[in-house]
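Student: See query-v3.pdb below, with PDB, C-alpha atoms.
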ATOM      1  CA  MET A 148     -81.119  26.715  17.293
ATOM      2  CA  LEU A 149     -80.418  25.888  20.955
ATOM      3  CA  ASN A 150     -79.170  22.401  20.073
ATOM      4  CA  TYR A 151     -76.902  23.866  17.408
ATOM      5  CA  PHE A 152     -75.505  26.373  19.915
ATOM      6  CA  LEU A 153     -74.852  23.651  22.492
ATOM      7  CA  ARG A 154     -73.088  21.453  19.930
ATOM      8  CA  ARG A 155     -70.830  24.315  18.882
ATOM      9  CA  LEU A 156     -70.147  25.242  22.509
ATOM     10  CA  VAL A 157     -69.152  21.700  23.454
ATOM     11  CA  GLY A 158     -66.885  21.556  20.419
ATOM     12  CA  LEU A 159     -64.940  24.551  21.744
ATOM     13  CA  VAL A 160     -63.791  22.683  24.864
ATOM     14  CA  PRO A 161     -61.163  20.425  23.222
ATOM     15  CA  MET A 162     -60.085  23.356  21.042
ATOM     16  CA  PHE A 163     -59.567  25.469  24.168
ATOM     17  CA  LEU A 164     -57.404  22.734  25.715
ATOM     18  CA  VAL A 165     -55.255  22.511  22.594
ATOM     19  CA  ILE A 166     -54.863  26.306  22.434
ATOM     20  CA  SER A 167     -54.002  26.524  26.127
ATOM     21  CA  PHE A 168     -51.297  23.877  25.716
ATOM     22  CA  ILE A 169     -49.835  25.657  22.679
ATOM     23  CA  SER A 170     -49.939  29.009  24.499
ATOM     24  CA  PHE A 171     -48.158  27.568  27.527
ATOM     25  CA  THR A 172     -45.559  25.941  25.292
ATOM     26  CA  ILE A 173     -44.892  29.188  23.412
ATOM     27  CA  ILE A 174     -44.213  31.185  26.567
ATOM     28  CA  GLN A 175     -41.721  28.503  27.658
ATOM     29  CA  LEU A 176     -39.731  28.577  24.398
ATOM     30  CA  PRO A 177     -37.391  31.568  25.018
ATOM     31  CA  PRO A 178     -34.125  30.577  26.708
ATOM     32  CA  GLY A 179     -33.979  31.215  30.431
ATOM     33  CA  ASP A 180     -36.973  32.325  32.457
ATOM     34  CA  PHE A 181     -38.296  35.334  34.328
ATOM     35  CA  VAL A 182     -36.289  34.352  37.407
ATOM     36  CA  THR A 183     -33.089  34.562  35.342
ATOM     37  CA  THR A 184     -34.087  38.057  34.229
ATOM     38  CA  LYS A 185     -34.986  39.058  37.783
ATOM     39  CA  ILE A 186     -31.730  37.741  39.237
ATOM     40  CA  ALA A 187     -29.695  39.494  36.524
ATOM     41  CA  GLN A 188     -31.325  42.763  37.548
ATOM     42  CA  MET A 189     -30.549  42.077  41.229
ATOM     43  CA  ALA A 190     -26.927  41.197  40.464
ATOM     44  CA  ALA A 191     -26.534  44.379  38.419
ATOM     45  CA  VAL A 192     -27.264  46.479  41.512
ATOM     46  CA  GLY A 193     -24.832  44.452  43.684
ATOM     47  CA  ASP A 194     -27.220  42.064  45.469
ATOM     48  CA  SER A 195     -24.892  39.330  46.772
ATOM     49  CA  GLY A 196     -27.749  36.983  47.667
ATOM     50  CA  SER A 197     -29.134  36.827  44.134
ATOM     51  CA  LEU A 198     -28.144  33.184  43.505
ATOM     52  CA  ALA A 199     -29.764  31.939  46.697
ATOM     53  CA  ARG A 200     -32.817  34.018  45.926
ATOM     54  CA  ALA A 201     -33.003  32.450  42.446
ATOM     55  CA  GLU A 202     -33.461  28.948  43.822
ATOM     56  CA  LEU A 203     -36.159  30.137  46.230
ATOM     57  CA  LEU A 204     -38.038  31.886  43.412
ATOM     58  CA  ARG A 205     -37.846  28.829  41.157
ATOM     59  CA  GLU A 206     -39.258  26.711  43.963
ATOM     60  CA  GLN A 207     -41.969  29.262  44.725
ATOM     61  CA  TYR A 208     -43.140  29.484  41.113
ATOM     62  CA  GLY A 209     -42.766  25.758  40.424
ATOM     63  CA  LEU A 210     -40.100  26.130  37.760
ATOM     64  CA  ASN A 211     -38.339  22.986  38.980
ATOM     65  CA  ASP A 212     -41.439  20.865  38.312
ATOM     66  CA  PRO A 213     -41.805  18.817  35.104
ATOM     67  CA  PHE A 214     -43.321  20.584  32.099
ATOM     68  CA  LEU A 215     -46.687  18.777  32.212
ATOM     69  CA  THR A 216     -47.006  19.411  35.955
ATOM     70  CA  ARG A 217     -46.420  23.129  35.436
ATOM     71  CA  TYR A 218     -48.969  23.165  32.593
ATOM     72  CA  TRP A 219     -51.582  21.379  34.681
ATOM     73  CA  ASN A 220     -51.098  23.739  37.628
ATOM     74  CA  TRP A 221     -51.388  26.734  35.306
ATOM     75  CA  LEU A 222     -54.490  25.426  33.522
ATOM     76  CA  SER A 223     -56.293  24.313  36.686
ATOM     77  CA  GLY A 224     -55.760  27.783  38.129
ATOM     78  CA  ILE A 225     -57.121  29.498  35.023
ATOM     79  CA  VAL A 226     -60.296  27.397  35.133
ATOM     80  CA  VAL A 227     -61.144  28.900  38.539
ATOM     81  CA  GLY A 228     -60.015  32.388  37.567
ATOM     82  CA  ASP A 229     -56.515  32.233  39.069
ATOM     83  CA  PHE A 230     -53.985  33.307  36.420
ATOM     84  CA  GLY A 231     -51.055  33.061  38.800
ATOM     85  CA  ILE A 232     -48.748  35.584  40.462
ATOM     86  CA  SER A 233     -46.582  38.028  38.545
ATOM     87  CA  VAL A 234     -42.914  38.191  39.481
ATOM     88  CA  MET A 235     -42.370  41.290  37.353
ATOM     89  CA  PHE A 236     -44.854  43.259  39.436
ATOM     90  CA  GLU A 237     -43.601  42.029  42.817
ATOM     91  CA  GLY A 238     -46.073  39.206  43.436
ATOM     92  CA  ALA A 239     -49.263  40.950  42.246
ATOM     93  CA  GLN A 240     -52.152  38.780  41.077
ATOM     94  CA  VAL A 241     -52.193  38.528  37.284
ATOM     95  CA  SER A 242     -55.987  38.748  37.199
ATOM     96  CA  ALA A 243     -55.833  42.106  39.003
ATOM     97  CA  LEU A 244     -53.188  43.373  36.584
ATOM     98  CA  ILE A 245     -55.053  42.524  33.400
ATOM     99  CA  VAL A 246     -58.631  43.406  34.374
ATOM    100  CA  ASP A 247     -58.427  47.132  33.544
ATOM    101  CA  GLY A 248     -56.469  46.541  30.354
ATOM    102  CA  PHE A 249     -58.918  43.833  29.340
ATOM    103  CA  LEU A 250     -61.906  46.150  29.787
ATOM    104  CA  PHE A 251     -60.279  48.919  27.751
ATOM    105  CA  THR A 252     -59.323  46.383  25.072
ATOM    106  CA  ILE A 253     -62.928  45.208  24.848
ATOM    107  CA  LEU A 254     -64.163  48.829  24.753
ATOM    108  CA  LEU A 255     -61.780  49.918  22.005
ATOM    109  CA  GLY A 256     -62.147  46.718  20.007
ATOM    110  CA  GLY A 257     -65.939  46.619  20.370
ATOM    111  CA  ILE A 258     -66.450  50.209  19.233
ATOM    112  CA  SER A 259     -64.088  49.691  16.309
ATOM    113  CA  LEU A 260     -65.772  46.427  15.281
ATOM    114  CA  VAL A 261     -69.293  47.887  15.296
ATOM    115  CA  THR A 262     -68.156  51.014  13.458
ATOM    116  CA  ALA A 263     -66.140  49.074  10.870
ATOM    117  CA  TRP A 264     -68.939  46.640  10.129
ATOM    118  CA  GLY A 265     -71.638  49.320   9.994
ATOM    119  CA  LEU A 266     -69.637  51.465   7.575
ATOM    120  CA  ALA A 267     -68.401  48.497   5.523
ATOM    121  CA  ILE A 268     -71.903  47.116   4.940
ATOM    122  CA  ALA A 269     -73.373  50.532   4.101
ATOM    123  CA  ILE A 270     -70.488  51.448   1.772
ATOM    124  CA  GLY A 271     -70.497  48.001   0.163
ATOM    125  CA  ILE A 272     -74.221  48.241  -0.614
ATOM    126  CA  TYR A 273     -73.857  51.765  -2.000
ATOM    127  CA  SER A 274     -70.839  50.844  -4.141
ATOM    128  CA  ALA A 275     -72.575  47.749  -5.522
ATOM    129  CA  THR A 276     -75.659  49.748  -6.535
ATOM    130  CA  HIS A 277     -73.642  52.719  -7.888
ATOM    131  CA  ARG A 278     -70.865  50.899  -9.700
ATOM    132  CA  TYR A 279     -68.075  52.769 -11.476
ATOM    133  CA  GLY A 280     -69.126  56.170 -10.209
ATOM    134  CA  ILE A 281     -66.958  58.738  -8.457
ATOM    135  CA  ALA A 282     -68.108  57.555  -5.017
ATOM    136  CA  ASP A 283     -67.372  53.918  -5.894
ATOM    137  CA  TYR A 284     -63.847  54.753  -7.044
ATOM    138  CA  THR A 285     -63.288  56.895  -3.937
ATOM    139  CA  PHE A 286     -64.372  54.134  -1.583
ATOM    140  CA  THR A 287     -62.248  51.640  -3.527
ATOM    141  CA  PHE A 288     -59.208  53.881  -3.105
ATOM    142  CA  ILE A 289     -59.877  54.218   0.643
ATOM    143  CA  GLY A 290     -60.211  50.452   0.895
ATOM    144  CA  PHE A 291     -56.876  49.888  -0.819
ATOM    145  CA  ILE A 292     -55.232  52.387   1.539
ATOM    146  CA  GLY A 293     -56.687  50.550   4.534
ATOM    147  CA  LEU A 294     -55.410  47.208   3.214
ATOM    148  CA  ALA A 295     -51.952  48.489   2.289
ATOM    149  CA  VAL A 296     -51.088  50.596   5.345
ATOM    150  CA  PRO A 297     -50.813  48.645   8.643
ATOM    151  CA  PRO A 298     -52.418  50.256  11.717
ATOM    152  CA  PHE A 299     -49.135  50.696  13.570
ATOM    153  CA  LEU A 300     -47.729  52.765  10.664
ATOM    154  CA  THR A 301     -50.825  54.968  10.632
ATOM    155  CA  SER A 302     -50.358  55.504  14.374
ATOM    156  CA  LEU A 303     -46.696  56.401  13.896
ATOM    157  CA  LEU A 304     -47.606  58.902  11.181
ATOM    158  CA  TYR A 305     -50.138  60.453  13.547
ATOM    159  CA  VAL A 306     -47.513  60.767  16.294
ATOM    160  CA  PHE A 307     -45.028  62.295  13.831
ATOM    161  CA  ALA A 308     -47.555  64.833  12.531
ATOM    162  CA  ALA A 309     -48.767  65.764  16.014
ATOM    163  CA  VAL A 310     -45.232  66.378  17.326
ATOM    164  CA  PHE A 311     -43.351  67.847  14.357
ATOM    165  CA  ILE A 312     -46.143  69.613  12.483
ATOM    166  CA  PHE A 313     -48.723  70.648  15.070
ATOM    167  CA  ASP A 314     -46.313  70.961  18.064
ATOM    168  CA  ALA A 315     -48.632  68.956  20.340
ATOM    169  CA  ASP A 316     -47.698  68.924  24.034
ATOM    170  CA  GLN A 317     -49.058  65.405  24.556
ATOM    171  CA  VAL A 318     -49.391  62.559  22.083
ATOM    172  CA  GLY A 319     -50.857  59.206  23.003
ATOM    173  CA  GLY A 320     -52.495  58.072  26.189
ATOM    174  CA  LEU A 321     -56.190  57.985  26.892
ATOM    175  CA  TYR A 322     -56.424  60.915  29.311
ATOM    176  CA  SER A 323     -54.999  64.372  29.760
ATOM    177  CA  PRO A 324     -52.559  64.685  32.699
ATOM    178  CA  GLU A 325     -55.164  66.269  34.975
ATOM    179  CA  PHE A 326     -57.610  63.365  34.448
ATOM    180  CA  ARG A 327     -55.126  60.454  34.524
ATOM    181  CA  ASP A 328     -55.653  59.559  38.194
ATOM    182  CA  ALA A 329     -58.917  61.438  38.728
ATOM    183  CA  PRO A 330     -62.149  59.641  39.705
ATOM    184  CA  TRP A 331     -64.710  58.930  37.021
ATOM    185  CA  SER A 332     -66.810  61.945  36.048
ATOM    186  CA  ILE A 333     -68.515  63.478  33.020
ATOM    187  CA  ASP A 334     -65.456  65.639  32.370
ATOM    188  CA  ARG A 335     -63.169  62.592  32.431
ATOM    189  CA  LEU A 336     -65.437  60.723  30.005
ATOM    190  CA  VAL A 337     -65.450  63.708  27.645
ATOM    191  CA  ASP A 338     -61.658  63.897  27.863
ATOM    192  CA  MET A 339     -61.368  60.161  27.111
ATOM    193  CA  ALA A 340     -63.715  60.480  24.131
ATOM    194  CA  GLY A 341     -61.525  63.246  22.749
ATOM    195  CA  LYS A 342     -58.488  60.924  22.865
ATOM    196  CA  LEU A 343     -60.347  57.787  21.759
ATOM    197  CA  TRP A 344     -61.445  58.921  18.318
ATOM    198  CA  PHE A 345     -58.081  58.453  16.591
ATOM    199  CA  PRO A 346     -57.355  54.824  17.618
ATOM    200  CA  VAL A 347     -60.975  54.003  16.783
ATOM    201  CA  ALA A 348     -60.527  55.610  13.349
ATOM    202  CA  VAL A 349     -57.293  53.682  12.704
ATOM    203  CA  LEU A 350     -58.812  50.355  13.732
ATOM    204  CA  THR A 351     -62.033  51.071  11.828
ATOM    205  CA  LEU A 352     -60.128  51.787   8.622
ATOM    206  CA  ALA A 353     -58.166  48.551   8.996
ATOM    207  CA  GLY A 354     -61.301  46.536   9.797
ATOM    208  CA  MET A 355     -63.592  47.918   7.089
ATOM    209  CA  ALA A 356     -61.118  47.988   4.184
ATOM    210  CA  GLY A 357     -61.427  44.367   3.117
ATOM    211  CA  THR A 358     -64.953  43.911   4.468
ATOM    212  CA  MET A 359     -66.551  46.562   2.278
ATOM    213  CA  ARG A 360     -64.866  45.107  -0.814
ATOM    214  CA  ILE A 361     -66.264  41.672   0.017
ATOM    215  CA  MET A 362     -69.735  43.136   0.592
ATOM    216  CA  ARG A 363     -69.598  44.991  -2.712
ATOM    217  CA  GLY A 364     -68.512  41.949  -4.735
ATOM    218  CA  SER A 365     -70.947  39.603  -3.001
ATOM    219  CA  LEU A 366     -73.921  41.917  -3.518
ATOM    220  CA  ILE A 367     -73.063  42.412  -7.204
ATOM    221  CA  ASP A 368     -73.152  38.632  -7.681
ATOM    222  CA  VAL A 369     -76.424  38.285  -5.777
ATOM    223  CA  LEU A 370     -78.142  41.074  -7.727
ATOM    224  CA  ASN A 371     -77.508  39.107 -10.931
ATOM    225  CA  GLN A 372     -79.353  36.029  -9.630
ATOM    226  CA  PRO A 373     -82.692  34.975 -11.209
ATOM    227  CA  TYR A 374     -84.689  35.366  -7.991
ATOM    228  CA  ILE A 375     -83.706  39.052  -7.874
ATOM    229  CA  ALA A 376     -85.116  39.491 -11.396
ATOM    230  CA  THR A 377     -88.290  37.755 -10.202
ATOM    231  CA  ALA A 378     -88.592  40.138  -7.240
ATOM    232  CA  ARG A 379     -88.254  43.120  -9.562
ATOM    233  CA  ALA A 380     -90.824  41.625 -11.949
ATOM    234  CA  LYS A 381     -93.299  41.452  -9.062
ATOM    235  CA  GLY A 382     -93.113  45.228  -8.773
ATOM    236  CA  LEU A 383     -91.145  45.427  -5.537
ATOM    237  CA  SER A 384     -89.268  48.644  -4.945
ATOM    238  CA  GLU A 385     -85.550  48.668  -5.670
ATOM    239  CA  ARG A 386     -84.872  49.431  -2.007
ATOM    240  CA  THR A 387     -86.775  46.312  -0.941
ATOM    241  CA  VAL A 388     -85.082  44.177  -3.566
ATOM    242  CA  VAL A 389     -81.592  45.307  -2.574
ATOM    243  CA  LEU A 390     -81.939  45.340   1.212
ATOM    244  CA  LYS A 391     -84.401  42.530   1.890
ATOM    245  CA  HIS A 392     -83.638  40.047  -0.886
ATOM    246  CA  GLY A 393     -80.108  40.942  -1.906
ATOM    247  CA  ALA A 394     -78.147  42.205   1.090
ATOM    248  CA  ARG A 395     -79.448  39.500   3.433
ATOM    249  CA  VAL A 396     -77.904  36.815   1.242
ATOM    250  CA  ALA A 397     -74.823  38.829   0.282
ATOM    251  CA  ILE A 398     -73.879  39.358   3.922
ATOM    252  CA  ASN A 399     -73.159  35.638   4.483
ATOM    253  CA  PRO A 400     -69.493  35.852   3.358
ATOM    254  CA  LEU A 401     -69.024  38.740   5.785
ATOM    255  CA  ILE A 402     -70.428  36.676   8.628
ATOM    256  CA  SER A 403     -68.011  33.865   7.772
ATOM    257  CA  ARG A 404     -65.182  36.410   7.849
ATOM    258  CA  LEU A 405     -66.193  37.463  11.376
ATOM    259  CA  SER A 406     -64.137  34.591  12.792
ATOM    260  CA  MET A 407     -61.014  36.205  11.304
ATOM    261  CA  ILE A 408     -61.936  39.846  11.856
ATOM    262  CA  ILE A 409     -62.314  39.625  15.644
ATOM    263  CA  PRO A 410     -58.827  38.197  16.413
ATOM    264  CA  ASP A 411     -57.235  40.476  13.784
ATOM    265  CA  LEU A 412     -58.974  43.487  15.256
ATOM    266  CA  PHE A 413     -57.905  42.763  18.823
ATOM    267  CA  SER A 414     -54.356  42.045  17.663
ATOM    268  CA  ASN A 415     -54.378  45.479  16.019
ATOM    269  CA  VAL A 416     -55.703  46.972  19.264
ATOM    270  CA  ILE A 417     -52.650  45.642  21.104
ATOM    271  CA  ILE A 418     -50.206  46.949  18.480
ATOM    272  CA  VAL A 419     -51.826  50.396  18.242
ATOM    273  CA  SER A 420     -51.957  50.592  22.040
ATOM    274  CA  VAL A 421     -48.202  50.043  22.269
ATOM    275  CA  VAL A 422     -47.563  52.853  19.775
ATOM    276  CA  LEU A 423     -50.048  55.289  21.352
ATOM    277  CA  ASN A 424     -49.510  54.188  24.966
ATOM    278  CA  LEU A 425     -53.132  53.246  25.558
ATOM    279  CA  PRO A 426     -54.081  51.431  28.797
ATOM    280  CA  THR A 427     -55.107  48.197  27.067
ATOM    281  CA  LEU A 428     -53.462  44.783  27.243
ATOM    282  CA  GLY A 429     -50.889  45.850  24.632
ATOM    283  CA  PRO A 430     -48.267  47.679  26.743
ATOM    284  CA  LEU A 431     -48.649  45.143  29.558
ATOM    285  CA  PHE A 432     -48.150  42.262  27.111
ATOM    286  CA  LEU A 433     -44.981  43.866  25.722
ATOM    287  CA  ARG A 434     -43.542  44.401  29.204
ATOM    288  CA  ALA A 435     -44.354  40.816  30.168
ATOM    289  CA  LEU A 436     -42.604  39.466  27.069
ATOM    290  CA  LEU A 437     -39.519  41.587  27.639
ATOM    291  CA  GLY A 438     -39.413  40.563  31.309
ATOM    292  CA  GLN A 439     -40.252  36.902  30.512
ATOM    293  CA  ASP A 440     -43.141  37.002  32.978
ATOM    294  CA  MET A 441     -44.756  33.765  31.861
ATOM    295  CA  PHE A 442     -47.912  34.178  33.938
ATOM    296  CA  VAL A 443     -48.808  37.645  32.602
ATOM    297  CA  ALA A 444     -47.753  36.871  29.017
ATOM    298  CA  GLY A 445     -49.461  33.469  29.073
ATOM    299  CA  ALA A 446     -52.720  34.891  30.411
ATOM    300  CA  ILE A 447     -52.853  37.607  27.741
ATOM    301  CA  LEU A 448     -51.886  35.175  24.987
ATOM    302  CA  LEU A 449     -54.645  32.819  26.087
ATOM    303  CA  ILE A 450     -57.160  35.685  26.150
ATOM    304  CA  LEU A 451     -56.259  36.549  22.560
ATOM    305  CA  ALA A 452     -56.692  32.894  21.597
ATOM    306  CA  VAL A 453     -60.103  32.849  23.259
ATOM    307  CA  PHE A 454     -61.065  35.812  21.054
ATOM    308  CA  VAL A 455     -60.473  33.508  18.084
ATOM    309  CA  LEU A 456     -62.812  30.889  19.550
ATOM    310  CA  VAL A 457     -65.443  33.506  20.364
ATOM    311  CA  GLY A 458     -65.179  34.899  16.841
ATOM    312  CA  ASN A 459     -65.756  31.454  15.351
ATOM    313  CA  LEU A 460     -68.705  30.808  17.657
ATOM    314  CA  LEU A 461     -70.339  34.160  16.846
ATOM    315  CA  ALA A 462     -69.804  33.588  13.130
ATOM    316  CA  ASP A 463     -71.398  30.128  13.313
ATOM    317  CA  LEU A 464     -74.393  31.434  15.266
ATOM    318  CA  ALA A 465     -74.884  34.392  12.937
ATOM    319  CA  LEU A 466     -74.704  32.123   9.886
ATOM    320  CA  ALA A 467     -77.197  29.709  11.465
ATOM    321  CA  TRP A 468     -79.539  32.614  12.173
ATOM    322  CA  SER A 469     -79.321  33.966   8.623
ATOM    323  CA  ASP A 470     -79.428  30.577   6.864
ATOM    324  CA  PRO A 471     -81.629  27.850   8.486
ATOM    325  CA  ARG A 472     -79.969  25.164   6.353
ATOM    326  CA  ILE A 473     -76.776  25.464   8.381
ATOM    327  CA  ARG A 474     -78.339  24.756  11.793
ATOM    328  CA  LEU A 475     -80.313  21.817  10.395
ATOM    329  CA  GLU A 476     -77.192  19.987   9.202
TER     330      GLU A 476
END
Turn the structure described in the file into structure tokens.
Tutor:
Amino acid sequence: MLNYFLRRLVGLVPMFLVISFISFTIIQLPPGDFVTTKIAQMAAVGDSGSLARAELLREQYGLNDPFLTRYWNWLSGIVVGDFGISVMFEGAQVSALIVDGFLFTILLGGISLVTAWGLAIAIGIYSATHRYGIADYTFTFIGFIGLAVPPFLTSLLYVFAAVFIFDADQVGGLYSPEFRDAPWSIDRLVDMAGKLWFPVAVLTLAGMAGTMRIMRGSLIDVLNQPYIATARAKGLSERTVVLKHGARVAINPLISRLSMIIPDLFSNVIIVSVVLNLPTLGPLFLRALLGQDMFVAGAILLILAVFVLVGNLLADLALAWSDPRIRLE
């Protein structure tokens, strides 16, 4: 198992280099640059030295260097944890800007992933063993709703209902006004939990919708296999047959799907955060794109790409753990 893990880990290195190059290229594609945006803002307020300042900023941030030189400087800094300096936030370190948003993104995405998978597996098993009942049809309907309605639309509907139906004073955000800048305490955690449930519910619905359908279909196929009939003929309880011999094999397609669920989930976290004004990487990423801050936008884009690599690695390890044939190949 260790050798398999090391082989997969080494294989991620060239993939990371390719993704980093693509990410850097994407953030260079829009016309102009962040200095152009900054100088336009300075000129709008009557700063006569904006043109001279532009050349100094381009020299400071290396924008006059060749493309490959700029990419190498950016990548070599990331390797040692230096994501560059943000011009949009007046020279602040990018790593300092994204650390809080990154932690909240991991928190929200992690809770949603565990909840979605736990519910999807449980519902899929129940639906497969109680086919064509009222509960099965209900869960199927909920799954179709989760697949058809994107998370950002669900968030917008929540904002609309809270404002125009329930006359809420505050919609969105992760804290009440009195706890926004307060130090951490039990009361602040309770307040955050009260605001966190809705984005978790939205992301859970989006994450579990397709997963529970896959679990249901996979388990139905497995329960029709000859070895399941043999297990029943041996007198094993139905619970043991379903959970130990059926679900363990039926879960393999879900594990393979983990490599797609993780990046999709964290992409949804960013979109929902923009709608609900949550302190994740979402609002910061949007501001960086609008301001053409290549260092902030590039760092966040690379982090999202790394989530894809991590998802693939976790899926491979989980499959190797559940099926020894995979790690012996």
Student: Expanded to explicit residues, what is the PyMOL selection byres ((chain A and resi 396-406) around 7) for this file, as a PyMOL selection string?
Tutor: chain A and resi 358+362+365-366+369+392-395+407-409+455+458-459+462+465-466
Student: Can you list what the PyMOL selection byres ((chain A and resi 424) around 12) grabs from this structure, as number ranges by chain?
Tutor: A: 248, 299, 302-303, 306, 317-322, 342-343, 346, 416-423, 425-431, 433
Student: What does the PyMOL selection byres ((chain A and resi 283-295) around 10) select in this file, as a count of residues only?
Tutor: 30
Student: Mind giving me the axis-aligned box for stretch 353-367 of chain A with 6 Å on every side, centre plus edges in Å to one decimal, as lines of an AutoDock Vina configuration file?
Tutor:
center_x = -66.0
center_y = 44.1
center_z = 1.3
size_x = 27.8
size_y = 20.9
size_z = 29.0
Student: What is the distance, in Å and to one decimal place, between atom CA of A:Ile375 and atom CA of A:Gly265?
Tutor: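 Here the two named atoms are 23.9 Å from each other.
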Student: Please report the interatomic distance between atom CA of A:Val234 and atom CA of A:Tyr208 in Å with one decimal.
Tutor: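 Those two atoms sit 8.9 Å apart.
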Student: Between A:Ile173, A:Pro324, A:Ser414, A:Ala446, which residue has the minimum interatomic distance to A:Asp229, considering all atoms listed in the file?
Tutor: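 Using all atoms listed in the file, the shortest distance to A:Asp229 belongs to A:Ala446.
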Student: Would you mind telling me which residue in A:Asp338, A:Pro410, A:Gly382, A:Thr377 lies nearest to A:Thr252 when using only C-alpha atoms?
Tutor: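 Among the listed residues, A:Pro410 lies closest to A:Thr252.
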Student: Can you measure atom CA of A:Phe442 to atom CA of A:Gly231 for me? One decimal in Å is fine.
Tutor: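 Going from atom CA of A:Phe442 over to atom CA of A:Gly231, I get 5.9 Å.
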Student: Give me the residues within 8 Å of A:Phe181 as a PDB file with C-alpha atoms, in the frame of the given file, counting all atoms listed in the file and dropping any in the same chain fewer than 4 places off.
Tutor:
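See out-v5.pdb below for the written result:
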ATOM      1  CA  LYS A 185     -34.986  39.058  37.783  1.00  0.00           C
ATOM      2  CA  VAL A 234     -42.914  38.191  39.481  1.00  0.00           C
ATOM      3  CA  MET A 235     -42.370  41.290  37.353  1.00  0.00           C
ATOM      4  CA  GLY A 438     -39.413  40.563  31.309  1.00  0.00           C
ATOM      5  CA  GLN A 439     -40.252  36.902  30.512  1.00  0.00           C
ATOM      6  CA  ASP A 440     -43.141  37.002  32.978  1.00  0.00           C
ATOM      7  CA  MET A 441     -44.756  33.765  31.861  1.00  0.00           C
TER       8      MET A 441
END
Student: Quick one: of A:Thr183, A:Ser167, A:Gln240, A:Gln175, who's nearest to A:Val226, counting only C-alpha atoms?
Tutor: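 Result for the nearest residue to A:Val226: A:Ser167.
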Student: So, with all atoms listed in the file as the atoms that count, which of A:Phe236, A:Gly224, A:Ile245, A:Asn371 lies closest to A:Leu448?
Tutor: A:Ile245
Student: Select, counting all atoms listed in the file, all protein, DNA and RNA residues no farther than 12 Å from (-55.4, 27.1, 26.7) in file coordinates, and express the selection as an MDAnalysis selection string.
Tutor: chainID A and resid 159:174 218:219 221:226 230 445:456
